[in-house]
file data.txt (compact mmCIF, C-alpha atoms and all ligand atoms)
# COMPACT_ATOMS: atom_id res chain seq x y z
CA MET A 1 21.89 64.04 112.58
CA SER A 2 21.06 64.13 108.88
CA GLU A 3 23.79 64.27 106.27
CA LEU A 4 22.71 67.82 105.49
CA ALA A 5 23.57 69.06 108.98
CA THR A 6 27.07 67.63 108.84
CA LEU A 7 28.04 69.22 105.55
CA PRO A 8 30.67 71.98 105.72
CA THR A 9 29.25 75.50 105.78
CA ALA A 10 29.61 77.75 102.77
CA THR A 11 29.22 81.43 102.20
CA PRO A 12 26.66 82.17 99.51
CA SER A 13 28.26 83.76 96.52
CA ALA A 14 26.84 87.05 95.28
CA ARG A 15 24.27 86.40 92.56
CA SER A 16 22.52 89.01 90.55
CA GLY A 17 18.81 89.21 90.01
CA SER A 18 16.79 90.24 86.98
CA SER A 19 14.78 93.36 86.40
CA ILE A 20 10.98 93.06 86.36
CA THR A 21 9.02 95.22 83.93
CA PHE A 22 5.29 95.86 84.15
CA ASP A 23 4.32 97.09 80.70
CA ASN A 24 0.92 98.75 81.10
CA VAL A 25 -0.49 95.78 83.02
CA SER A 26 -4.16 95.52 84.01
CA LYS A 27 -6.09 92.71 85.68
CA SER A 28 -9.86 92.49 85.89
CA TYR A 29 -11.99 89.82 87.52
CA GLY A 30 -15.12 89.93 85.39
CA GLU A 31 -17.11 93.04 84.59
CA GLY A 32 -16.39 96.04 86.76
CA LEU A 33 -13.81 94.60 89.17
CA HIS A 34 -10.51 96.14 88.13
CA ALA A 35 -7.98 94.75 90.64
CA VAL A 36 -4.98 96.32 88.83
CA GLU A 37 -5.15 99.14 86.29
CA HIS A 38 -2.44 100.36 83.90
CA VAL A 39 0.50 99.50 86.11
CA ASP A 40 3.60 100.58 84.22
CA PHE A 41 7.03 100.54 85.90
CA LYS A 42 10.34 98.71 86.07
CA VAL A 43 11.97 97.13 89.11
CA GLU A 44 15.72 97.31 88.54
CA ALA A 45 17.89 94.18 88.78
CA GLY A 46 18.99 93.63 92.38
CA GLU A 47 16.64 96.26 93.76
CA PHE A 48 14.60 95.92 96.97
CA PHE A 49 11.25 97.19 95.71
CA SER A 50 8.04 97.34 97.76
CA LEU A 51 4.39 97.51 96.76
CA LEU A 52 2.65 99.36 99.59
CA GLY A 53 -1.01 100.13 100.09
CA PRO A 54 -4.19 99.37 102.01
CA SER A 55 -6.00 96.05 101.89
CA GLY A 56 -7.55 95.34 98.49
CA CYS A 57 -5.50 97.89 96.51
CA GLY A 58 -4.05 95.22 94.17
CA LYS A 59 -0.60 94.48 95.64
CA THR A 60 -0.94 90.69 95.78
CA THR A 61 -2.51 90.49 92.34
CA THR A 62 0.45 92.47 90.92
CA LEU A 63 2.92 90.12 92.62
CA ARG A 64 1.06 86.98 91.52
CA MET A 65 1.25 88.11 87.90
CA VAL A 66 5.05 87.92 88.21
CA ALA A 67 4.84 84.47 89.83
CA GLY A 68 2.48 83.32 87.07
CA PHE A 69 -0.50 82.52 89.30
CA GLU A 70 -2.54 85.27 87.65
CA ARG A 71 -2.51 86.22 84.00
CA PRO A 72 -2.84 89.93 83.08
CA SER A 73 -6.02 90.94 81.27
CA ALA A 74 -3.86 93.43 79.33
CA GLY A 75 -0.20 94.37 79.12
CA ARG A 76 3.02 92.39 79.52
CA VAL A 77 5.32 91.26 82.34
CA LEU A 78 9.03 90.94 81.55
CA LEU A 79 11.79 89.31 83.58
CA GLY A 80 15.00 90.87 82.32
CA ASP A 81 14.40 91.07 78.56
CA GLU A 82 12.16 88.00 78.47
CA ASP A 83 8.41 88.33 78.12
CA ILE A 84 7.00 85.95 80.77
CA THR A 85 3.36 87.07 80.56
CA THR A 86 2.13 83.60 79.58
CA THR A 87 5.00 81.44 80.87
CA LYS A 88 3.88 78.63 83.21
CA PRO A 89 4.68 79.33 86.90
CA ALA A 90 7.06 76.37 87.23
CA ARG A 91 9.13 77.65 84.30
CA ARG A 92 9.70 81.09 85.78
CA PRO A 93 13.00 81.54 87.64
CA VAL A 94 11.27 83.33 90.53
CA ASN A 95 10.08 82.19 93.95
CA LEU A 96 7.14 83.33 96.03
CA VAL A 97 7.31 83.46 99.84
CA PHE A 98 4.19 84.28 101.80
CA GLN A 99 2.91 84.59 105.35
CA ASP A 100 1.61 81.02 105.53
CA TYR A 101 4.93 79.15 105.43
CA ALA A 102 3.41 76.02 103.81
CA LEU A 103 6.21 73.73 105.05
CA PHE A 104 5.87 69.94 104.92
CA PRO A 105 5.20 69.00 108.57
CA HIS A 106 6.58 65.44 108.33
CA MET A 107 9.93 66.50 106.82
CA THR A 108 12.98 67.94 108.59
CA VAL A 109 14.12 71.48 107.88
CA GLY A 110 16.89 70.15 105.64
CA ASP A 111 14.51 67.93 103.69
CA ASN A 112 11.99 70.75 103.31
CA VAL A 113 14.69 72.93 101.78
CA ALA A 114 15.99 70.10 99.56
CA PHE A 115 12.57 68.96 98.34
CA GLY A 116 12.18 71.23 95.29
CA LEU A 117 15.68 70.48 94.04
CA LYS A 118 15.14 66.72 94.35
CA VAL A 119 11.87 66.99 92.41
CA LYS A 120 13.76 68.84 89.69
CA GLY A 121 16.15 65.87 89.57
CA LEU A 122 19.35 67.72 90.45
CA ALA A 123 22.39 65.58 91.26
CA ARG A 124 22.74 64.58 94.92
CA ARG A 125 25.97 66.52 95.37
CA GLU A 126 24.49 69.70 93.91
CA VAL A 127 21.43 69.37 96.14
CA SER A 128 23.66 69.02 99.20
CA GLU A 129 25.78 72.04 98.25
CA ARG A 130 22.81 74.26 97.55
CA VAL A 131 20.94 73.24 100.70
CA THR A 132 24.03 73.91 102.82
CA ASP A 133 24.39 77.26 101.14
CA ALA A 134 20.75 78.20 101.83
CA LEU A 135 20.75 76.92 105.43
CA THR A 136 23.97 78.81 106.17
CA SER A 137 22.63 81.95 104.63
CA MET A 138 19.48 81.74 106.81
CA ARG A 139 21.47 80.66 109.93
CA LEU A 140 19.57 77.40 110.11
CA THR A 141 22.42 74.89 110.03
CA ALA A 142 21.95 73.90 113.68
CA LEU A 143 18.22 73.31 113.13
CA ALA A 144 18.50 71.18 109.99
CA ASP A 145 17.19 68.03 111.74
CA ARG A 146 14.14 69.58 113.36
CA ARG A 147 10.60 69.36 112.04
CA PRO A 148 8.51 72.53 111.48
CA ALA A 149 6.45 71.88 114.66
CA GLN A 150 9.66 72.15 116.69
CA LEU A 151 10.41 75.65 115.40
CA SER A 152 9.32 79.16 116.37
CA GLY A 153 7.37 81.31 113.88
CA GLY A 154 10.50 83.29 112.98
CA GLN A 155 12.50 80.10 112.42
CA ARG A 156 9.73 78.68 110.21
CA GLN A 157 9.75 81.84 108.12
CA ARG A 158 13.53 81.50 107.76
CA VAL A 159 13.02 77.92 106.49
CA ALA A 160 10.48 79.22 103.96
CA LEU A 161 13.06 81.79 102.79
CA ALA A 162 15.81 79.13 102.60
CA ARG A 163 13.48 76.93 100.54
CA ALA A 164 13.01 79.79 98.09
CA LEU A 165 16.68 80.81 98.00
CA VAL A 166 17.87 77.29 97.30
CA ASN A 167 16.46 77.71 93.79
CA ARG A 168 18.72 80.74 93.25
CA PRO A 169 15.80 82.77 91.91
CA LYS A 170 16.26 85.74 89.62
CA ALA A 171 13.65 87.47 91.76
CA LEU A 172 12.26 86.73 95.19
CA LEU A 173 8.59 87.64 95.52
CA LEU A 174 7.53 88.24 99.12
CA ASP A 175 3.86 88.61 100.05
CA GLU A 176 3.56 90.01 103.59
CA PRO A 177 6.11 87.40 104.74
CA LEU A 178 6.32 88.81 108.27
CA GLY A 179 2.58 89.29 108.77
CA ALA A 180 2.19 86.42 111.26
CA LEU A 181 5.08 87.46 113.52
CA ASP A 182 4.92 89.60 116.65
CA LEU A 183 6.40 93.10 116.56
CA LYS A 184 9.81 92.26 118.06
CA LEU A 185 10.32 89.29 115.76
CA ARG A 186 9.17 91.38 112.80
CA ARG A 187 11.93 93.89 113.53
CA GLU A 188 14.52 91.11 113.76
CA MET A 189 13.33 89.51 110.54
CA GLN A 190 13.40 92.89 108.78
CA LEU A 191 17.12 93.11 109.57
CA GLU A 192 17.50 89.52 108.38
CA LEU A 193 15.77 90.32 105.07
CA GLY A 194 17.97 93.38 104.53
CA ARG A 195 21.07 91.26 105.12
CA LEU A 196 19.75 88.54 102.82
CA HIS A 197 19.06 91.03 100.07
CA ARG A 198 22.59 92.41 100.27
CA SER A 199 24.24 88.98 100.36
CA THR A 200 22.26 87.36 97.54
CA GLY A 201 22.11 90.36 95.22
CA THR A 202 18.82 89.08 93.85
CA THR A 203 15.79 91.28 93.12
CA PHE A 204 13.28 91.51 95.97
CA LEU A 205 9.67 92.44 95.16
CA TYR A 206 7.97 92.90 98.51
CA VAL A 207 4.29 93.34 99.30
CA THR A 208 3.28 95.00 102.55
CA HIS A 209 0.63 97.28 104.04
CA ASP A 210 3.08 98.32 106.80
CA GLN A 211 4.50 101.70 105.81
CA GLU A 212 7.30 101.58 108.39
CA GLU A 213 8.44 98.19 107.07
CA ALA A 214 8.45 99.49 103.49
CA LEU A 215 10.34 102.67 104.44
CA THR A 216 12.94 100.69 106.41
CA LEU A 217 13.67 98.01 103.83
CA SER A 218 13.16 99.40 100.36
CA ASP A 219 15.28 101.09 97.73
CA ARG A 220 12.02 102.29 96.14
CA ILE A 221 8.33 101.97 96.91
CA ALA A 222 5.21 102.07 94.76
CA VAL A 223 2.19 103.23 96.77
CA MET A 224 -0.94 101.61 95.34
CA ASN A 225 -4.49 102.89 95.68
CA GLN A 226 -7.50 101.16 94.09
CA GLY A 227 -5.46 99.20 91.57
CA ARG A 228 -3.30 102.10 90.45
CA ILE A 229 0.09 103.43 91.46
CA ASP A 230 -0.35 106.77 93.21
CA GLN A 231 3.36 107.52 93.66
CA LEU A 232 6.61 105.67 92.99
CA ALA A 233 9.70 107.01 94.73
CA ASP A 234 12.48 106.34 97.21
CA PRO A 235 11.42 106.23 100.90
CA ARG A 236 12.66 109.73 101.79
CA SER A 237 10.92 111.39 98.84
CA LEU A 238 7.68 109.58 99.61
CA TYR A 239 7.79 110.72 103.21
CA GLU A 240 8.92 114.28 102.62
CA ARG A 241 7.30 115.02 99.27
CA PRO A 242 4.05 113.05 98.98
CA SER A 243 2.33 113.79 95.67
CA SER A 244 -1.23 113.22 96.88
CA VAL A 245 -3.38 113.53 99.98
CA PHE A 246 -3.71 109.74 99.93
CA VAL A 247 0.06 109.16 100.05
CA ALA A 248 0.55 111.89 102.69
CA GLY A 249 -2.02 110.12 104.86
CA PHE A 250 -0.81 106.60 104.20
CA ILE A 251 2.88 107.33 104.86
CA GLY A 252 3.13 108.75 108.36
CA THR A 253 0.79 111.20 110.04
CA SER A 254 -1.40 113.24 107.79
CA ASN A 255 -1.01 116.87 108.88
CA LEU A 256 -3.02 118.54 106.13
CA LEU A 257 -3.66 122.28 105.89
CA VAL A 258 -5.14 124.54 103.24
CA LEU A 259 -3.11 127.54 102.11
CA GLN A 260 -5.83 130.17 101.47
CA GLN A 261 -5.24 132.99 98.98
CA PRO A 262 -1.45 132.89 99.19
CA GLN A 263 0.55 136.01 98.25
CA ARG A 264 3.96 135.71 96.68
CA VAL A 265 6.65 137.17 98.98
CA GLY A 266 10.14 136.64 97.49
CA GLU A 267 10.69 132.92 97.10
CA TYR A 268 7.68 131.96 99.27
CA HIS A 269 3.91 131.85 99.21
CA VAL A 270 2.47 133.43 102.35
CA SER A 271 -1.09 133.14 103.58
CA VAL A 272 -1.84 135.66 106.35
CA LEU A 273 -4.44 134.30 108.76
CA GLY A 274 -4.64 137.21 111.25
CA ASP A 275 -3.76 137.48 114.96
CA GLY A 276 -0.11 136.86 114.09
CA ASP A 277 -0.88 133.54 112.36
CA ARG A 278 0.48 132.80 108.89
CA LEU A 279 1.38 129.88 106.68
CA VAL A 280 4.52 130.05 104.57
CA ALA A 281 5.33 127.57 101.79
CA PRO A 282 7.89 127.37 99.01
CA THR A 283 6.42 128.71 95.75
CA SER A 284 5.10 126.01 93.44
CA VAL A 285 3.74 125.69 89.95
CA HIS A 286 0.24 125.34 91.39
CA GLN A 287 -2.23 128.22 91.63
CA GLY A 288 -5.18 129.08 93.89
CA GLN A 289 -6.03 127.32 97.14
CA LEU A 290 -3.27 124.84 97.91
CA GLN A 291 -3.26 121.62 99.91
CA VAL A 292 -0.12 121.52 102.04
CA THR A 293 1.32 119.14 104.61
CA VAL A 294 3.91 119.38 107.39
CA ARG A 295 5.49 116.41 109.17
CA PRO A 296 4.87 116.29 112.94
CA GLU A 297 8.54 116.17 113.93
CA ARG A 298 9.24 119.40 111.99
CA ILE A 299 6.90 121.49 114.17
CA TYR A 300 8.08 123.43 117.23
CA LEU A 301 5.64 123.58 120.12
CA HIS A 302 5.87 126.84 122.08
CA PRO A 303 4.16 126.62 125.48
CA THR A 304 2.55 130.10 125.19
CA GLU A 305 0.47 131.80 122.47
CA ASP A 306 2.61 134.96 122.46
CA ALA A 307 5.94 133.21 121.79
CA ALA A 308 8.20 135.04 119.29
CA VAL A 309 8.67 133.24 115.96
CA ALA A 310 11.25 133.82 113.18
CA GLU A 311 10.03 136.07 110.33
CA HIS A 312 9.67 133.56 107.50
CA HIS A 313 8.34 130.70 109.58
CA SER A 314 4.79 129.43 109.54
CA THR A 315 3.06 130.03 112.86
CA VAL A 316 -0.40 129.21 114.19
CA ARG A 317 -2.11 129.37 117.58
CA GLY A 318 -3.97 126.41 118.95
CA VAL A 319 -5.38 124.55 121.90
CA VAL A 320 -3.90 121.25 123.06
CA ALA A 321 -6.52 118.53 122.52
CA GLU A 322 -4.50 115.38 123.30
CA ILE A 323 -1.12 114.43 124.76
CA VAL A 324 0.03 110.84 124.20
CA TYR A 325 3.27 109.54 125.67
CA VAL A 326 4.87 106.93 123.38
CA GLY A 327 8.26 106.38 125.01
CA SER A 328 11.05 108.49 123.54
CA THR A 329 8.55 110.85 121.89
CA THR A 330 5.26 112.42 122.95
CA HIS A 331 2.50 113.09 120.40
CA VAL A 332 0.54 116.29 120.98
CA THR A 333 -2.62 117.03 118.96
CA VAL A 334 -3.44 120.73 118.64
CA ASP A 335 -6.79 122.16 117.45
CA LEU A 336 -6.36 125.28 115.29
CA PRO A 337 -8.78 128.25 115.06
CA THR A 338 -9.46 127.24 111.41
CA GLY A 339 -10.98 123.93 112.58
CA GLU A 340 -7.92 122.03 111.32
CA HIS A 341 -5.71 119.91 113.60
CA LEU A 342 -1.98 119.33 113.71
CA GLU A 343 -0.06 116.53 115.39
CA VAL A 344 3.32 117.48 116.85
CA HIS A 345 5.98 114.95 117.87
CA GLU A 346 8.23 116.23 120.66
CA LEU A 347 11.07 114.41 122.38
CA SER A 348 9.61 113.30 125.70
CA ASN A 349 12.42 114.94 127.67
CA ASP A 350 11.73 118.36 126.08
CA SER A 351 11.22 120.82 128.96
CA ASP A 352 8.43 122.72 127.07
CA LEU A 353 6.22 119.64 127.39
CA LYS A 354 6.14 119.97 131.17
CA ALA A 355 4.44 123.36 130.80
CA ILE A 356 1.42 122.09 128.85
CA THR A 357 -1.67 120.06 129.61
CA ARG A 358 -4.87 119.34 127.70
CA GLY A 359 -6.55 122.73 127.08
CA SER A 360 -3.29 124.74 127.13
CA LYS A 361 -3.13 127.59 124.63
CA VAL A 362 0.07 127.14 122.61
CA ARG A 363 1.81 128.39 119.49
CA LEU A 364 3.23 126.18 116.77
CA SER A 365 5.86 127.12 114.22
CA TRP A 366 7.97 125.52 111.48
CA GLY A 367 10.47 126.56 108.85
CA PRO A 368 9.22 127.61 105.38
CA ASP A 369 10.78 124.62 103.63
CA CYS A 370 9.04 122.22 106.01
CA THR A 371 5.70 123.05 104.38
CA HIS A 372 5.25 120.70 101.44
CA VAL A 373 2.80 121.73 98.72
CA ILE A 374 0.82 118.69 97.49
CA GLY A 375 -1.22 120.55 94.88
CA PRO A 376 -4.47 122.46 94.39
CA VAL A 377 -7.28 121.63 96.81
CA ALA A 378 -9.38 118.94 95.13
CA ALA A 379 -12.95 119.90 94.23
CA PRO A 380 -15.43 118.30 96.71
P1 LIG B 401 -4.46 92.56 100.96
O1 LIG B 401 -3.44 93.46 101.57
O2 LIG B 401 -5.73 92.51 101.75
O3 LIG B 401 -3.93 91.20 100.62
P2 LIG B 401 -4.12 93.45 98.20
O4 LIG B 401 -3.72 94.87 98.06
O5 LIG B 401 -3.05 92.43 98.07
O6 LIG B 401 -4.92 93.24 99.57
P3 LIG B 401 -5.46 91.99 96.10
O7 LIG B 401 -5.45 90.70 96.84
O8 LIG B 401 -4.52 92.14 94.98
O9 LIG B 401 -5.25 93.20 97.13
O10 LIG B 401 -6.95 92.25 95.59
C1 LIG B 401 -7.30 93.36 94.78
C2 LIG B 401 -8.78 93.32 94.47
O11 LIG B 401 -9.06 92.21 93.62
C3 LIG B 401 -9.67 93.14 95.69
O12 LIG B 401 -10.84 93.89 95.50
C4 LIG B 401 -9.96 91.66 95.71
O13 LIG B 401 -11.19 91.39 96.35
C5 LIG B 401 -10.01 91.34 94.23
N1 LIG B 401 -9.61 89.96 93.93
C6 LIG B 401 -8.42 89.38 94.20
N2 LIG B 401 -8.39 88.11 93.76
C7 LIG B 401 -9.61 87.86 93.20
C8 LIG B 401 -10.20 86.73 92.56
N3 LIG B 401 -9.53 85.58 92.39
N4 LIG B 401 -11.47 86.85 92.12
C9 LIG B 401 -12.15 88.01 92.25
N5 LIG B 401 -11.64 89.11 92.84
C10 LIG B 401 -10.39 89.04 93.31
call {"tool": "encode", "arguments": {"input": "data.txt", "output": "structure tokens", "more": "lines below"}}
Ligand code: ATP
result
Amino acid sequence: MSELATLPTATPSARSGSSITFDNVSKSYGEGLHAVEHVDFKVEAGEFFSLLGPSGCGKTTTLRMVAGFERPSAGRVLLGDEDITTTKPARRPVNLVFQDYALFPHMTVGDNVAFGLKVKGLARREVSERVTDALTSMRLTALADRRPAQLSGGQRQRVALARALVNRPKALLLDEPLGALDLKLRREMQLELGRLHRSTGTTFLYVTHDQEEALTLSDRIAVMNQGRIDQLADPRSLYERPSSVFVAGFIGTSNLLVLQQPQRVGEYHVSVLGDGDRLVAPTSVHQGQLQVTVRPERIYLHPTEDAAVAEHHSTVRGVVAEIVYVGSTTHVTVDLPTGEHLEVHELSNDSDLKAITRGSKVRLSWGPDCTHVIGPVAAP
């Protein structure tokens, strides 16, 4: 056993992180390739903040500008009050953890975690204390003597996290750290990351293209699209009140409808579609044809077309196109007379589901406040 494994365990003390400010930051790679454009926001100290978006939208470039591996073409990056835009990577009190663990294969877990501190020339006792602290925090004490090849993928990722935490960073920068893990392990590691964030109190800046992961873990999320931030909000607001068609589609199922020629009725906009169909939405500042969305779990599926529906609810007829069983819920896709489609998520034990098959004529309905107005329909 190495000396590291025999050291007494310690509980990591709460440490606070620093805020990260992006002050109108842009990054171009030569003429015409704008990887990041006018990114302007602040991650609060101690926050779990995610950058979410499709491949190539600029998430990693944004993160690497905090680590110092990329320099902004314009704008400034601040850590706390300090401008770190041009500070060398090694002088920044931040650590980057990515999918490829990059552990030293010939060193034990303990030595991998201790390596950076030894290079910095810290006293032996301090190195021991910090390594014990980090191994305890990542539940790795019993594995301190193993080499990376003797570990599972999840354990290796925990070593990579311990190696970052041992430096007591003011911000932990995580680039798709769970990308190489299978789904079950991903879920476990998500819980681990949440626990780690709470116990260290440091700032987490997290890059992912997995919307569920971002919604589960984050205090706030910035959704990126083609180098720009489309929407920055807490998970619930992003899900329930997307500000663009892109965000509505990227976060969850995109159930998009057009509210044609709405009339104001009391506190709602109502679009009468004929044959008993209507769409009802809360009034908004927007005028004209409106793009609206409704989340699939908010929609009731009635097994017959002539089902009675409450007065102020939206209601549309449709034909069942697809029924997909996914365990506790069943996803039903319904084709509407307008040519639009809606996906409905029903609990699989709902008795109404038994009455429908592909081709069934059904009625859908949802409450007026479940229709979210995104904005005017964009010109083609
Ligand atoms: P992914 O999820 O696939 O990692 P991302 O959102 O992290 O994508 P970035 O890696 O930040 O995206 O890349 C943003 C854009 O900048 C892409 O078009 C990419 O091809 C380009 N890019 C990134 N690094 C460089 C580079 N060193 N030279 C030229 N172009 C680059």
call {"tool": "atom_distance", "arguments": {"input": "data.txt", "atom1": "atom CA of A:Leu342", "atom2": "atom CA of A:Arg295"}}
result
9.2 Å
call {"tool": "atom_distance", "arguments": {"input": "data.txt", "atom1": "atom CA of A:Thr200", "atom2": "atom CA of A:Asp219"}}
result
15.4 Å
call {"tool": "residues_near_ligand", "arguments": {"input": "data.txt", "ligand": "ligand LIG 401 (chain B)", "cutoff": "12 Å", "atoms": "only C-alpha atoms and all ligand atoms", "output": "ChimeraX atom specification"}}
result
/A:26-37,51-65,69-71,98-99,174-177,179,206-210,222-229
call {"tool": "residues_around", "arguments": {"input": "data.txt", "residues": "stretch 321-331 of chain A", "least_positions_apart": "2", "cutoff": "6 Å", "atoms": "all atoms listed in the file", "output": "list in words"}}
result
Thr333, Val334, Val344, His345, Glu346, Leu347, Ser348 and Arg358 of chain A
call {"tool": "write_last_selection", "arguments": {"input": "data.txt", "atoms": "C-alpha atoms", "output": "compact mmCIF listing (two decimals), keeping the file's coordinate frame"}}
result
# COMPACT_ATOMS: atom_id res chain seq x y z
CA THR A 333 -2.62 117.03 118.96
CA VAL A 334 -3.44 120.73 118.64
CA VAL A 344 3.32 117.48 116.85
CA HIS A 345 5.98 114.95 117.87
CA GLU A 346 8.23 116.23 120.66
CA LEU A 347 11.07 114.41 122.38
CA SER A 348 9.61 113.30 125.70
CA ARG A 358 -4.87 119.34 127.70
call {"tool": "closest_atom_pairs", "arguments": {"input": "data.txt", "of": "stretch 331-369 of chain A", "to": "stretch 261-284 of chain A", "cutoff": "12 Å", "atoms": "all atoms listed in the file", "output": "tab-separated table"}}
result
residue	atom	partner	partner_atom	distance
A:Leu336	CA	A:Asp277	CA	10.3
A:Pro337	CA	A:Leu273	CA	9.8
A:Thr338	CA	A:Leu273	CA	9.1
A:Arg363	CA	A:Asp277	CA	9.2
A:Leu364	CA	A:Asp277	CA	9.5
A:Ser365	CA	A:Leu279	CA	9.2
A:Trp366	CA	A:Val280	CA	9.0
A:Gly367	CA	A:Val280	CA	8.1
A:Pro368	CA	A:Ala281	CA	5.3
A:Asp369	CA	A:Pro282	CA	6.1
call {"tool": "closest_residue", "arguments": {"input": "data.txt", "among": "A:Ala307, A:Val377, A:Ala160, A:Val362", "to": "A:Val292", "atoms": "all atoms listed in the file"}}
result
A:Val377
call {"tool": "atom_distance", "arguments": {"input": "data.txt", "atom1": "atom CA of A:Phe22", "atom2": "atom CA of A:Gly80"}}
result
11.1 Å
call {"tool": "closest_residue", "arguments": {"input": "data.txt", "among": "A:Leu161, A:Pro105, A:Leu205, A:Ala149", "to": "A:Ser18", "atoms": "only C-alpha atoms"}}
result
A:Leu205
call {"tool": "closest_residue", "arguments": {"input": "data.txt", "among": "A:Glu340, A:Glu297, A:Asp83, A:Asp234", "to": "A:Val258", "atoms": "only C-alpha atoms"}}
result
A:Glu340
call {"tool": "axis_aligned_box", "arguments": {"input": "data.txt", "around": "stretch 234-244 of chain A", "padding_each_side": "8 Å", "output": "AutoDock Vina command-line options"}}
result
--center_x 5.7 --center_y 110.6 --center_z 99.4 --size_x 29.9 --size_y 24.8 --size_z 23.5
call {"tool": "build_atoms", "arguments": {"input": "data.txt", "residues": "stretch 340-345 of chain A", "atoms": "all heavy atoms", "output": "tab-separated table (two decimals), keeping the file's coordinate frame"}}
result
chain	number	residue	atom	x	y	z
A	340	GLU	N	-8.88	123.08	111.68
A	340	GLU	CA	-7.92	122.03	111.32
A	340	GLU	C	-7.19	121.55	112.59
A	340	GLU	O	-7.29	122.18	113.64
A	340	GLU	CB	-6.92	122.57	110.29
A	340	GLU	CG	-7.59	122.95	108.97
A	340	GLU	CD	-6.73	123.85	108.08
A	340	GLU	OE1	-6.21	124.86	108.57
A	340	GLU	OE2	-6.62	123.54	106.90
A	341	HIS	N	-6.46	120.45	112.45
A	341	HIS	CA	-5.71	119.91	113.60
A	341	HIS	C	-4.30	119.59	113.13
A	341	HIS	O	-4.11	119.20	111.99
A	341	HIS	CB	-6.31	118.59	114.10
A	341	HIS	CG	-7.79	118.62	114.17
A	341	HIS	ND1	-8.48	119.13	115.24
A	341	HIS	CD2	-8.73	118.21	113.28
A	341	HIS	CE1	-9.77	119.04	115.01
A	341	HIS	NE2	-9.95	118.50	113.82
A	342	LEU	N	-3.34	119.74	114.02
A	342	LEU	CA	-1.98	119.33	113.71
A	342	LEU	C	-1.47	118.41	114.81
A	342	LEU	O	-1.76	118.64	115.99
A	342	LEU	CB	-1.05	120.55	113.60
A	342	LEU	CG	-1.18	121.40	112.35
A	342	LEU	CD1	-0.22	122.58	112.41
A	342	LEU	CD2	-0.92	120.58	111.08
A	343	GLU	N	-0.72	117.38	114.39
A	343	GLU	CA	-0.06	116.53	115.39
A	343	GLU	C	1.41	116.93	115.43
A	343	GLU	O	2.04	117.12	114.39
A	343	GLU	CB	-0.21	115.06	115.01
A	343	GLU	CG	0.28	114.14	116.11
A	343	GLU	CD	-0.08	112.69	115.85
A	343	GLU	OE1	-1.27	112.38	115.64
A	343	GLU	OE2	0.85	111.86	115.84
A	344	VAL	N	1.93	117.07	116.64
A	344	VAL	CA	3.32	117.48	116.85
A	344	VAL	C	4.01	116.35	117.61
A	344	VAL	O	3.47	115.83	118.57
A	344	VAL	CB	3.38	118.77	117.70
A	344	VAL	CG1	4.81	119.26	117.84
A	344	VAL	CG2	2.49	119.85	117.12
A	345	HIS	N	5.20	115.95	117.14
A	345	HIS	CA	5.98	114.95	117.87
A	345	HIS	C	7.16	115.65	118.55
A	345	HIS	O	8.00	116.23	117.87
A	345	HIS	CB	6.50	113.86	116.93
A	345	HIS	CG	5.41	113.03	116.33
A	345	HIS	ND1	5.63	112.03	115.43
A	345	HIS	CD2	4.06	113.05	116.53
A	345	HIS	CE1	4.47	111.46	115.09
A	345	HIS	NE2	3.51	112.09	115.74
